[in-house]
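Next comes start_4.txt, with compact mmCIF, C-alpha atoms.
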# COMPACT_ATOMS: atom_id res chain seq x y z
CA MET P 1 -4.17 20.71 5.67
CA VAL P 2 -3.95 24.12 7.34
CA ARG P 3 -2.30 26.59 4.97
CA HIS P 4 1.17 27.58 6.07
CA PRO P 5 2.42 31.16 5.74
CA ASN P 6 5.55 32.38 3.99
CA GLN P 7 5.43 29.84 1.19
CA GLU P 8 6.70 30.72 -2.24
CA GLY P 9 6.27 29.03 -5.57
CA SER P 10 9.12 26.63 -6.27
CA ILE P 11 10.33 23.87 -8.54
CA GLU P 12 11.78 22.04 -5.55
CA ALA P 13 10.79 18.49 -4.66
CA PRO P 14 7.40 18.14 -2.94
CA THR P 15 7.43 18.82 0.79
CA ARG P 16 5.13 17.12 3.25
CA TYR P 17 3.93 18.88 6.40
CA PRO P 18 3.06 17.07 9.63
CA ILE P 19 -0.57 15.97 9.92
CA GLU P 20 -1.97 18.00 12.82
CA TRP P 21 -4.63 15.41 13.63
CA GLN P 22 -4.71 16.07 17.37
CA SER P 23 -5.43 19.78 17.01
CA SER P 24 -8.99 21.12 17.43
CA ILE P 25 -8.97 22.81 14.01
CA PHE P 26 -8.28 19.46 12.33
CA ARG P 27 -11.69 18.21 13.46
CA ASP P 28 -13.58 21.50 13.04
CA GLU P 29 -16.19 21.00 10.32
CA ASN P 30 -16.31 24.64 9.20
CA SER P 31 -12.53 24.73 8.81
CA LEU P 32 -12.60 21.39 6.99
CA PHE P 33 -15.26 22.45 4.50
CA SER P 34 -13.47 25.75 3.90
CA GLU P 35 -10.24 23.92 3.06
CA MET P 36 -12.07 21.37 0.91
CA GLU P 37 -13.72 24.18 -1.07
CA ARG P 38 -10.35 25.90 -1.55
CA VAL P 39 -8.60 22.75 -2.78
CA TYR P 40 -11.55 21.56 -4.85
CA ASP P 41 -11.55 24.93 -6.62
CA ILE P 42 -7.84 24.63 -7.45
CA CYS P 43 -8.36 21.07 -8.73
CA HIS P 44 -11.35 22.20 -10.82
CA GLY P 45 -9.23 24.91 -12.45
CA CYS P 46 -6.44 22.44 -13.26
CA ARG P 47 -8.05 19.03 -13.93
CA ARG P 48 -4.65 17.46 -14.54
CA CYS P 49 -5.45 14.45 -12.32
CA VAL P 50 -8.69 13.46 -14.09
CA SER P 51 -7.31 10.12 -15.26
CA LEU P 52 -5.76 8.95 -11.98
CA CYS P 53 -8.74 7.68 -10.02
CA GLN P 54 -12.46 8.21 -9.57
CA ALA P 55 -12.15 11.03 -7.00
CA PHE P 56 -11.38 13.70 -9.58
CA PRO P 57 -14.00 12.74 -12.19
CA THR P 58 -16.53 12.70 -9.33
CA LEU P 59 -15.50 16.22 -8.32
CA PHE P 60 -15.53 17.56 -11.87
CA ASP P 61 -18.94 16.03 -12.57
CA LEU P 62 -20.31 17.71 -9.45
CA VAL P 63 -18.92 21.03 -10.67
CA ASP P 64 -20.18 20.64 -14.24
CA GLU P 65 -23.64 19.59 -13.12
CA SER P 66 -24.01 22.39 -10.53
CA ALA P 67 -26.06 25.53 -11.08
CA THR P 68 -23.00 27.78 -11.24
CA MET P 69 -20.66 25.26 -12.91
CA GLU P 70 -18.16 26.23 -10.22
CA VAL P 71 -17.23 24.70 -6.86
CA ASP P 72 -19.50 27.16 -5.03
CA GLY P 73 -22.44 25.47 -6.71
CA ILE P 74 -21.76 22.09 -5.10
CA LYS P 75 -23.78 21.19 -2.02
CA LYS P 76 -21.54 20.72 0.98
CA GLU P 77 -23.02 17.28 1.68
CA ASP P 78 -21.85 16.22 -1.79
CA TYR P 79 -18.24 16.93 -0.86
CA TRP P 80 -18.25 13.49 0.76
CA LYS P 81 -18.83 11.82 -2.61
CA VAL P 82 -15.30 12.85 -3.55
CA VAL P 83 -13.90 11.65 -0.22
CA ASP P 84 -15.48 8.22 -0.74
CA GLN P 85 -13.57 7.77 -4.00
CA CYS P 86 -10.12 8.57 -2.58
CA TYR P 87 -8.13 5.62 -1.24
CA LEU P 88 -4.93 7.56 -0.45
CA CYS P 89 -2.76 6.13 -3.21
CA ASP P 90 -0.79 9.42 -3.10
CA LEU P 91 -0.15 9.52 -6.84
CA CYS P 92 -1.83 12.88 -7.39
CA TYR P 93 0.51 14.44 -4.83
CA MET P 94 3.70 12.76 -5.99
CA THR P 95 3.28 12.55 -9.77
CA LYS P 96 0.71 15.04 -11.07
CA CYS P 97 -0.16 18.05 -8.92
CA PRO P 98 1.87 21.22 -9.72
CA TYR P 99 0.59 22.98 -6.59
CA VAL P 100 2.01 20.81 -3.83
CA PRO P 101 4.18 22.55 -1.21
CA PRO P 102 6.50 24.39 -1.30
CA HIS P 103 4.12 26.03 -3.81
CA GLU P 104 2.19 28.75 -1.98
CA TRP P 105 -1.16 27.11 -2.72
CA ASN P 106 -0.12 24.14 -0.55
CA VAL P 107 -2.34 21.47 -2.08
CA ASP P 108 -2.09 18.08 -0.39
CA PHE P 109 -5.19 16.35 -1.71
CA PRO P 110 -4.59 12.90 -0.13
CA HIS P 111 -4.04 14.29 3.36
CA LEU P 112 -7.05 16.57 2.99
CA MET P 113 -9.09 13.47 2.19
CA LEU P 114 -7.53 11.78 5.23
CA ARG P 115 -8.60 14.74 7.35
CA ALA P 116 -12.14 14.41 6.02
CA LYS P 117 -12.20 10.68 6.68
CA ALA P 118 -10.93 11.23 10.23
CA ALA P 119 -13.53 13.95 10.90
CA ARG P 120 -16.32 11.71 9.67
CA PHE P 121 -15.05 8.73 11.66
CA GLU P 122 -15.31 10.72 14.90
CA LYS P 123 -18.91 11.70 14.22
CA THR P 124 -20.38 8.58 12.64
CA THR P 125 -20.00 4.83 13.06
CA PRO P 126 -18.55 3.24 9.92
CA PRO P 127 -20.50 0.36 8.32
CA LEU P 128 -19.90 -3.09 9.81
CA ARG P 129 -18.25 -4.16 6.57
CA ASP P 130 -15.65 -1.39 6.77
CA ARG P 131 -14.87 -2.15 10.40
CA ILE P 132 -14.39 -5.83 9.57
CA ILE P 133 -12.22 -5.54 6.47
CA THR P 134 -9.89 -3.01 8.13
CA SER P 135 -9.36 -5.26 11.16
CA THR P 136 -6.84 -7.37 9.33
CA ASP P 137 -5.15 -8.95 12.35
CA LYS P 138 -8.41 -10.07 13.94
CA VAL P 139 -9.88 -11.35 10.68
CA GLY P 140 -6.69 -13.24 9.88
CA GLN P 141 -6.50 -14.81 13.33
CA ILE P 142 -10.12 -15.98 13.28
CA ALA P 143 -10.18 -17.03 9.62
CA GLY P 144 -7.01 -19.05 10.09
CA ILE P 145 -8.37 -21.29 12.85
CA PRO P 146 -8.37 -24.97 11.74
CA ILE P 147 -11.71 -26.07 10.26
CA ILE P 148 -12.89 -22.44 10.22
CA VAL P 149 -10.26 -21.69 7.57
CA ASN P 150 -11.79 -24.27 5.23
CA CYS P 151 -15.25 -22.80 5.78
CA VAL P 152 -14.02 -19.27 5.12
CA ASN P 153 -12.14 -20.15 1.94
CA THR P 154 -15.05 -22.25 0.63
CA ALA P 155 -17.55 -19.51 1.45
CA ASN P 156 -15.43 -16.88 -0.30
CA ARG P 157 -15.74 -18.92 -3.50
CA SER P 158 -19.38 -19.92 -3.16
CA ASN P 159 -21.85 -18.07 -5.40
CA LEU P 160 -24.59 -18.35 -2.78
CA THR P 161 -22.42 -17.09 0.08
CA ARG P 162 -21.06 -14.27 -2.03
CA LYS P 163 -24.57 -13.14 -2.94
CA LEU P 164 -25.43 -13.07 0.76
CA LEU P 165 -22.24 -11.13 1.54
CA GLN P 166 -23.15 -8.59 -1.10
CA ARG P 167 -26.74 -8.23 0.03
CA PHE P 168 -26.17 -7.95 3.76
CA ILE P 169 -22.63 -6.54 4.07
CA GLY P 170 -21.83 -4.97 0.71
CA ILE P 171 -18.92 -7.16 -0.47
CA ASP P 172 -19.15 -7.30 -4.26
CA THR P 173 -19.75 -10.78 -5.66
CA ARG P 174 -17.27 -10.19 -8.50
CA ALA P 175 -14.31 -9.28 -6.31
CA LEU P 176 -11.67 -11.92 -5.68
CA LEU P 177 -11.14 -12.38 -1.96
CA PRO P 178 -7.83 -13.56 -0.47
CA THR P 179 -7.17 -17.10 0.69
CA TYR P 180 -6.51 -17.64 4.41
CA TYR P 181 -4.05 -20.12 5.87
CA THR P 182 -3.86 -21.99 9.14
CA LYS P 183 -0.15 -22.41 8.57
CA THR P 184 0.62 -18.71 8.46
CA ALA P 185 4.04 -17.41 7.53
CA ARG P 186 4.88 -16.84 11.18
CA ARG P 187 3.83 -20.37 12.15
CA GLN P 188 5.82 -21.91 9.32
CA LEU P 189 8.90 -19.89 10.24
CA ARG P 190 8.55 -19.77 14.02
CA LYS P 191 11.39 -22.26 14.50
CA HIS P 192 13.52 -20.53 11.91
CA LYS P 193 16.92 -19.52 13.25
CA PRO P 194 19.22 -17.13 11.43
CA LEU P 195 21.90 -19.03 9.56
CA ASN P 196 25.36 -18.74 11.02
CA LEU P 197 26.48 -16.19 8.47
CA ASN P 198 28.95 -13.36 8.85
CA ALA P 199 26.87 -10.24 8.28
CA THR P 200 28.60 -7.76 5.98
CA SER P 201 27.57 -4.23 6.84
CA THR P 202 27.76 -1.25 4.50
CA GLU P 203 27.13 2.47 4.83
CA ARG P 204 23.38 1.99 4.35
CA THR P 205 22.74 -1.62 5.43
CA THR P 206 23.74 -3.74 8.41
CA GLY P 207 23.58 -6.98 6.43
CA LYS P 208 21.17 -8.52 8.98
CA VAL P 209 17.42 -8.45 8.29
CA ALA P 210 14.33 -8.90 10.44
CA VAL P 211 11.25 -9.50 8.29
CA PHE P 212 8.02 -7.72 9.21
CA THR P 213 5.68 -10.26 7.62
CA THR P 214 2.65 -7.88 7.36
CA CYS P 215 -0.94 -9.02 7.81
CA TYR P 216 -1.29 -10.01 4.17
CA GLY P 217 2.06 -11.77 4.01
CA ASN P 218 1.36 -13.65 7.22
CA TYR P 219 -2.27 -14.70 6.78
CA ASN P 220 -2.83 -14.64 3.00
CA SER P 221 0.49 -15.09 1.17
CA PRO P 222 2.94 -16.95 3.41
CA GLU P 223 4.83 -18.17 0.34
CA ILE P 224 6.01 -14.62 -0.37
CA VAL P 225 7.49 -14.30 3.11
CA LYS P 226 9.17 -17.70 2.85
CA ASP P 227 10.59 -16.83 -0.56
CA LEU P 228 11.92 -13.54 0.81
CA VAL P 229 13.71 -15.31 3.67
CA THR P 230 15.20 -17.80 1.21
CA ILE P 231 16.44 -15.02 -1.09
CA LEU P 232 18.03 -13.04 1.74
CA GLU P 233 19.85 -16.07 3.08
CA HIS P 234 20.93 -17.01 -0.45
CA ASN P 235 22.58 -13.59 -0.43
CA GLN P 236 24.41 -14.44 2.82
CA ILE P 237 22.15 -12.16 4.89
CA PRO P 238 21.21 -13.53 8.33
CA THR P 239 17.41 -13.34 8.58
CA THR P 240 14.86 -13.52 11.38
CA LEU P 241 11.27 -12.39 11.98
CA VAL P 242 10.00 -9.40 13.94
CA ASP P 243 8.50 -10.73 17.18
CA ARG P 244 4.83 -10.18 18.01
CA GLU P 245 4.20 -7.77 15.15
CA LYS P 246 0.83 -6.05 14.76
CA CYS P 247 -0.82 -4.49 11.72
CA CYS P 248 1.04 -1.39 10.50
CA GLY P 249 -2.21 0.59 10.71
CA MET P 250 -2.70 1.42 7.02
CA PRO P 251 -6.23 -0.09 6.79
CA LYS P 252 -7.37 1.95 9.79
CA LEU P 253 -5.67 5.04 8.37
CA GLU P 254 -7.73 4.74 5.21
CA LEU P 255 -10.85 4.42 7.36
CA GLY P 256 -9.93 7.59 9.24
CA ASP P 257 -9.52 5.80 12.58
CA LEU P 258 -6.37 7.61 13.67
CA LYS P 259 -6.67 6.54 17.31
CA ALA P 260 -6.46 2.92 16.18
CA VAL P 261 -3.39 3.82 14.12
CA SER P 262 -1.81 5.29 17.26
CA LYS P 263 -2.53 2.11 19.23
CA GLN P 264 -0.95 -0.05 16.53
CA LEU P 265 2.16 2.08 16.62
CA GLU P 266 2.38 1.67 20.40
CA ARG P 267 2.22 -2.12 19.99
CA ASN P 268 4.93 -2.20 17.33
CA GLN P 269 7.37 0.56 18.15
CA GLN P 270 9.41 -0.72 21.09
CA GLN P 271 10.09 -4.13 19.61
CA LEU P 272 11.19 -2.50 16.36
CA ILE P 273 13.57 -0.23 18.26
CA ASP P 274 14.92 -3.23 20.17
CA ILE P 275 15.56 -5.06 16.90
CA ILE P 276 17.37 -2.06 15.45
CA ASP P 277 19.43 -1.72 18.62
CA ASP P 278 20.51 -5.34 18.12
CA GLY P 279 21.89 -4.44 14.71
CA TRP P 280 19.07 -5.56 12.40
CA ASP P 281 17.51 -3.80 9.43
CA ILE P 282 13.80 -4.36 8.78
CA ILE P 283 12.13 -5.41 5.52
CA ALA P 284 8.39 -5.74 4.82
CA PRO P 285 7.13 -7.45 1.63
CA VAL P 286 4.08 -5.15 1.14
CA PRO P 287 4.60 -1.55 -0.11
CA SER P 288 1.73 -0.06 1.90
CA CYS P 289 3.25 -1.25 5.18
CA ILE P 290 6.62 0.17 4.17
CA LEU P 291 5.04 3.51 3.26
CA MET P 292 3.28 3.59 6.62
CA PHE P 293 6.55 3.55 8.56
CA LYS P 294 8.49 5.64 6.06
CA GLN P 295 5.95 8.42 5.58
CA GLU P 296 2.54 8.33 7.23
CA LEU P 297 3.50 7.52 10.82
CA PRO P 298 6.35 10.08 10.92
CA LEU P 299 3.92 12.72 9.63
CA LEU P 300 1.25 11.74 12.15
CA PHE P 301 3.73 11.72 15.03
CA PRO P 302 6.41 14.28 14.07
CA ASP P 303 7.76 14.57 17.62
CA ASN P 304 8.41 10.84 17.89
CA GLN P 305 12.16 10.61 17.37
CA GLU P 306 12.12 6.83 17.50
CA LEU P 307 10.15 6.81 14.25
CA ASP P 308 13.08 8.51 12.54
CA ARG P 309 15.31 5.64 13.61
CA ILE P 310 12.79 3.07 12.41
CA ARG P 311 12.40 4.85 9.08
CA SER P 312 16.17 4.85 8.46
CA HIS P 313 16.30 1.07 8.98
CA TRP P 314 13.07 0.18 7.17
CA PHE P 315 13.35 -1.07 3.59
CA ASP P 316 11.50 -2.33 0.56
CA PRO P 317 12.88 -5.80 -0.37
CA PHE P 318 14.24 -4.76 -3.76
CA GLU P 319 15.50 -1.45 -2.44
CA TYR P 320 17.58 -3.44 0.04
CA LEU P 321 18.87 -5.84 -2.58
CA PHE P 322 19.73 -2.94 -4.89
CA LEU P 323 21.75 -1.27 -2.13
CA ARG P 324 23.60 -4.54 -1.61
CA GLN P 325 24.16 -4.84 -5.37
CA LYS P 326 25.72 -1.35 -5.48
CA ASP P 327 28.22 -2.52 -2.85
CA GLY P 328 29.03 -5.69 -4.78
CA LEU P 329 27.23 -7.93 -2.28
CA PHE P 330 24.26 -9.11 -4.35
CA ASN P 331 24.32 -12.68 -5.66
CA THR P 332 23.92 -12.62 -9.46
CA LYS P 333 24.43 -16.35 -10.02
CA PHE P 334 21.07 -17.10 -11.61
CA VAL P 335 20.26 -20.50 -13.08
CA ASN P 336 16.85 -19.82 -14.68
CA GLY P 337 15.76 -17.14 -17.13
CA LEU P 338 12.20 -15.90 -16.69
CA GLY P 339 11.24 -14.86 -20.20
CA LYS P 340 8.91 -11.88 -20.49
CA ILE P 341 7.48 -10.34 -17.31
CA ALA P 342 4.75 -7.72 -17.01
CA TYR P 343 5.76 -5.95 -13.84
CA HIS P 344 3.34 -3.51 -12.21
CA ALA P 345 4.97 -0.83 -10.05
CA ALA P 346 2.65 -0.41 -7.06
CA CYS P 347 1.49 3.12 -6.18
CA HIS P 348 2.64 2.91 -2.56
CA GLN P 349 6.07 1.83 -3.74
CA ARG P 350 6.37 4.51 -6.41
CA VAL P 351 5.61 7.34 -3.98
CA GLN P 352 8.47 6.24 -1.71
CA ASN P 353 10.85 7.77 -4.29
CA ILE P 354 13.30 4.88 -4.14
CA GLY P 355 13.43 4.36 -7.91
CA PRO P 356 12.41 1.30 -9.99
CA ARG P 357 14.46 -1.09 -7.90
CA THR P 358 12.36 -4.19 -8.56
CA ARG P 359 12.72 -3.78 -12.30
CA GLN P 360 16.45 -3.11 -12.00
CA ILE P 361 17.05 -6.28 -9.99
CA LEU P 362 14.88 -8.46 -12.26
CA GLU P 363 16.70 -7.12 -15.33
CA LEU P 364 19.94 -8.59 -13.97
CA ILE P 365 18.52 -12.07 -14.66
CA PRO P 366 19.70 -13.46 -18.04
CA ASN P 367 17.03 -14.23 -20.67
CA THR P 368 14.55 -11.99 -18.89
CA LYS P 369 12.66 -9.00 -20.27
CA VAL P 370 10.73 -6.74 -17.91
CA VAL P 371 7.78 -4.70 -19.15
CA MET P 372 7.17 -2.09 -16.45
CA ILE P 373 3.65 -0.67 -16.05
CA GLU P 374 3.13 2.47 -13.98
CA ARG P 375 -0.63 2.78 -13.55
CA CYS P 376 -2.80 2.33 -10.49
CA SER P 377 -4.46 -1.03 -9.85
CA GLY P 378 -7.48 0.59 -8.19
CA HIS P 379 -7.58 -2.08 -5.48
CA ASP P 380 -6.40 -0.42 -2.26
CA GLY P 381 -7.24 -3.48 -0.16
CA THR P 382 -10.82 -2.37 0.49
CA TYR P 383 -11.95 -0.17 -2.43
CA ALA P 384 -12.07 -3.06 -4.93
CA VAL P 385 -14.15 -5.36 -2.73
CA LYS P 386 -16.94 -2.87 -1.92
CA LYS P 387 -20.12 -3.20 -3.93
CA GLU P 388 -20.35 0.55 -4.54
CA THR P 389 -16.78 0.93 -5.83
CA HIS P 390 -15.81 -2.43 -7.36
CA GLU P 391 -16.78 -1.41 -10.88
CA ALA P 392 -14.84 1.85 -10.56
CA SER P 393 -11.80 -0.07 -9.28
CA LEU P 394 -11.74 -2.32 -12.35
CA LYS P 395 -12.11 0.72 -14.60
CA ILE P 396 -8.99 2.20 -13.00
CA ALA P 397 -7.13 -1.10 -13.43
CA ARG P 398 -8.23 -1.66 -17.02
CA PRO P 399 -5.18 0.01 -18.69
CA VAL P 400 -2.86 -2.31 -16.74
CA ILE P 401 -4.98 -5.37 -17.48
CA ASN P 402 -5.11 -4.54 -21.20
CA ARG P 403 -1.35 -4.06 -21.31
CA ILE P 404 -0.69 -7.41 -19.63
CA ILE P 405 -2.95 -9.16 -22.14
CA LYS P 406 -1.41 -7.30 -25.10
CA GLU P 407 2.19 -8.11 -24.14
CA LYS P 408 1.54 -11.89 -24.02
CA VAL P 409 3.92 -12.37 -21.12
CA ASP P 410 5.21 -15.45 -19.36
CA TYR P 411 4.56 -13.93 -15.93
CA TYR P 412 2.77 -10.94 -14.50
CA GLY P 413 2.78 -9.53 -11.01
CA SER P 414 3.25 -6.56 -8.72
CA ASP P 415 5.13 -5.65 -5.56
CA CYS P 416 1.63 -5.29 -4.08
CA PRO P 417 0.00 -8.75 -3.95
CA ILE P 418 -3.55 -7.37 -3.78
CA ALA P 419 -2.88 -5.26 -6.89
CA ALA P 420 -1.82 -8.46 -8.66
CA GLN P 421 -5.03 -10.10 -7.44
CA GLN P 422 -6.97 -7.27 -9.07
CA PHE P 423 -5.29 -8.00 -12.40
CA GLN P 424 -6.06 -11.69 -12.04
CA ASN P 425 -9.67 -10.76 -11.46
CA GLY P 426 -9.78 -8.52 -14.53
CA ILE P 427 -7.92 -10.87 -16.87
CA GLY P 428 -10.21 -13.73 -15.88
CA ASP P 429 -8.53 -16.45 -17.96
CA GLY P 430 -7.50 -18.68 -15.07
CA SER P 431 -3.94 -17.37 -14.97
CA LYS P 432 -2.42 -16.35 -11.66
CA PRO P 433 0.12 -13.63 -10.87
CA THR P 434 3.58 -14.32 -9.47
CA HIS P 435 5.14 -11.94 -6.99
CA PRO P 436 8.55 -10.48 -8.01
CA ILE P 437 10.07 -11.97 -4.84
CA SER P 438 8.93 -15.43 -5.92
CA LEU P 439 10.22 -14.79 -9.45
CA LEU P 440 13.65 -13.93 -8.05
CA ARG P 441 13.73 -17.13 -6.04
CA GLN P 442 12.76 -19.06 -9.16
CA ALA P 443 15.63 -17.44 -11.04
CA TYR P 444 18.04 -18.52 -8.31
CA GLY P 445 16.67 -22.06 -8.48
CA VAL P 446 16.62 -22.41 -4.67
If you convert what's in this file into structure tokens, what do you get?
Amino acid sequence: MVRHPNQEGSIEAPTRYPIEWQSSIFRDENSLFSEMERVYDICHGCRRCVSLCQAFPTLFDLVDESATMEVDGIKKEDYWKVVDQCYLCDLCYMTKCPYVPPHEWNVDFPHLMLRAKAARFEKTTPPLRDRIITSTDKVGQIAGIPIIVNCVNTANRSNLTRKLLQRFIGIDTRALLPTYYTKTARRQLRKHKPLNLNATSTERTTGKVAVFTTCYGNYNSPEIVKDLVTILEHNQIPTTLVDREKCCGMPKLELGDLKAVSKQLERNQQQLIDIIDDGWDIIAPVPSCILMFKQELPLLFPDNQELDRIRSHWFDPFEYLFLRQKDGLFNTKFVNGLGKIAYHAACHQRVQNIGPRTRQILELIPNTKVVMIERCSGHDGTYAVKKETHEASLKIARPVINRIIKEKVDYYGSDCPIAAQQFQNGIGDGSKPTHPISLLRQAYGV
């Protein structure tokens, strides 16, 4: 973003600055290109992130093929080719880049790409495809209508329909698309009442959980939400659902539609505060949604004090269970071993800096071996389904896919269900992933 004065080189933990998206300089094209040139030049001189995703190889190819073989030889219109390859996984910032703040060079590549996406969104209308696939609530509501849901799911698996989708919209024929359900998680659990359990609070947890089902959990993987509720109650944790939830805004963030992100926050915030005021913690089963409330929204709206309260009560499922385990409140009476599991740590979970909590909980299960894989899936929710980036997405996922095949595991999966879907697509042997939440329920035998 805008370079901050008085910074000194440091070995301290990375620091994130607020995203000044409502300032005039944020949208100024000359300022944007100047900052992109500055950061691109630093990245070109380092090249440490070349293996993370396709954004950096794209940048380095542009440099190497330019007349000067430096960033100043790249045409400004080609800067967007790099932006198109970034899907804000955040790994370069959190795991690779030595120049993130408080270093004086203040490199925040993902948020610079977000700035570029936001500037472009204000000036141009995104393709119809991009507007559709980032409108997750609307798509889920329409696709889940009885009769329509059968048509949608059949069409998504029809070679003819997929060819038409690729030709006219740009959805790659090879990409697995999610299944939609009429009986969404919220519909299946709408009559669910918290069990009459005595909530045991600790320093970090209230012992009462409201589940934010997420768009994907609600419309595409209701079994994950149901399994999560079962696990929490098996651990004597009263559980309910967040009322009237809306999309967290992550898909629109990645599109650069920050006004839509703001609207989604307005629709969610008050009910989340009300839930917290009633003594509930909040858990979401999808890492991207958790990251949105823990990091992106507080950075977009730094003056919103209510977001600080939400963030302090917002948890990853296995983070929550690990905190309960530390206080001696986690149920370790397992009845089924799980054998060998290839567990993929999702990018948006890793960058939350909570530690490998999923692995640590699964390793408590007897007769269970966890092979943890820390590489990006390349899916992102939208990147892997686009015709122009599907091949690149599978290339990014290939090391994970090869490792899963090599390990000959009994189960494979990820905290991110769409990442797991990417591996299923790449493995292509008919096997299906199992979410860690569902594996934990299986180990409990409930």
- Which polymer residues have any atom within 8 Å of an atom of stretch 168-184 of chain P, counting all atoms listed in the file, with same-chain residues fewer than 4 positions away left out, as a ChimeraX atom specification? /P:128-129,140,143-146,149,152-153,156,159,162-164,188,218-222,384-388,390,421-422,425
- Item | Who sits within 6 Å of stretch 54-60 of chain P, all atoms listed in the file, same chain under 6 positions skipped, as a ChimeraX atom specification | /P:82,85-86
Limited to C-alpha atoms, could you put the picked residues into a file as a PDB file, in the coordinates of the input?
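The new file part-v6.pdb reads:
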ATOM      1  CA  VAL P  82     -15.300  12.850  -3.550  1.00  0.00           C
ATOM      2  CA  GLN P  85     -13.570   7.770  -4.000  1.00  0.00           C
ATOM      3  CA  CYS P  86     -10.120   8.570  -2.580  1.00  0.00           C
TER       4      CYS P  86
END
- Item | Point-to-point distance in Å for atom CA of P:Val71 and atom CA of P:Arg16 |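 According to the coordinates, atom CA of P:Arg16 and atom CA of P:Val71 are separated by 25.7 Å.
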Just want the 10 Å neighbourhood of P:Leu364, counted on all atoms listed in the file, with same-chain residues fewer than 5 positions away dropped. Output as a PDB file with C-alpha atoms, in the coordinates of the input.
ATOM      1  CA  THR P 332      23.920 -12.620  -9.460  1.00  0.00           C
ATOM      2  CA  LYS P 333      24.430 -16.350 -10.020  1.00  0.00           C
ATOM      3  CA  PHE P 334      21.070 -17.100 -11.610  1.00  0.00           C
ATOM      4  CA  ARG P 359      12.720  -3.780 -12.300  1.00  0.00           C
ATOM      5  CA  LYS P 369      12.660  -9.000 -20.270  1.00  0.00           C
TER       6      LYS P 369
END
- Identify, on the basis of only C-alpha atoms, every residue whose closest approach to P:Ala342 does not exceed 8 Å; exclude the query and any residue fewer than 3 positions from it along the same chain; express the result as a PyMOL selection string. chain P and resi 370-373+404+407+409+411-413
- Using all atoms listed in the file, which residue out of P:Val351, P:Ile437, P:Val286, P:Asn198 lies closest to P:Pro14?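 Of all the options, P:Val351 lies closest to P:Pro14.
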- Item | Separation of atom CA of P:Ser438 from atom CA of P:Asp227 in Å |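 Rounded to one decimal, the two atoms are 5.8 Å apart.
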- Atom-to-atom span, atom CA of P:Ile361 and atom CA of P:Phe318, Å: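 Atom-to-atom, atom CA of P:Ile361 to atom CA of P:Phe318, that is 7.0 Å.
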Find the spatial neighbours of P:Gly378, counting all atoms listed in the file, within a cut-off of 8 Å - ignore same-chain residues fewer than 2 positions away - and output them as a PDB file with C-alpha atoms, in the coordinates of the input.
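The resulting out_27.pdb:
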ATOM      1  CA  CYS P  53      -8.740   7.680 -10.020  1.00  0.00           C
ATOM      2  CA  CYS P 376      -2.800   2.330 -10.490  1.00  0.00           C
ATOM      3  CA  ASP P 380      -6.400  -0.420  -2.260  1.00  0.00           C
ATOM      4  CA  TYR P 383     -11.950  -0.170  -2.430  1.00  0.00           C
ATOM      5  CA  ALA P 384     -12.070  -3.060  -4.930  1.00  0.00           C
ATOM      6  CA  ALA P 392     -14.840   1.850 -10.560  1.00  0.00           C
ATOM      7  CA  SER P 393     -11.800  -0.070  -9.280  1.00  0.00           C
ATOM      8  CA  LEU P 394     -11.740  -2.320 -12.350  1.00  0.00           C
ATOM      9  CA  LYS P 395     -12.110   0.720 -14.600  1.00  0.00           C
ATOM     10  CA  ILE P 396      -8.990   2.200 -13.000  1.00  0.00           C
ATOM     11  CA  ALA P 397      -7.130  -1.100 -13.430  1.00  0.00           C
ATOM     12  CA  ALA P 419      -2.880  -5.260  -6.890  1.00  0.00           C
ATOM     13  CA  GLN P 422      -6.970  -7.270  -9.070  1.00  0.00           C
TER      14      GLN P 422
END
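The closest residue to P:Thr134, picked from P:Gln352, P:Asn402, P:Thr382, P:Asn30 and counting all atoms listed in the file, is P:Thr382.
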- Message: My list of candidates is P:Lys76, P:Gly207, P:Arg311, P:Asp410. Which is closest to P:Leu299 when distances are computed with only C-alpha atoms?
- Response: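 Closest candidate: P:Arg311.
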- Just give me the residues with any atom within 12 Å of (13.2, 3.1, -6.3), file coordinates, counting only C-alpha atoms, written as a VMD selection string. chain P and resid 287 315 to 323 345 to 361 415
- Query: Between P:Ser414, P:Asn367, P:Ser51, P:Ser312, which is the closest to P:Gly339 once you count only C-alpha atoms?
  - Reply: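 The closest residue to P:Gly339 is P:Asn367.
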- Among P:Ala443, P:Leu197, P:Ala67, P:Ala119, P:Asp28 is approached most closely, using all atoms listed in the file, by P:Ala119
- Query: Need the neighbours of (-6.9, 1.6, 5.6): which residues are at most 10 Å away, counting all atoms listed in the file, as a VMD selection string?
  - Reply: chain P and resid 87 to 88 130 133 to 136 248 to 257 261 288 380 to 383
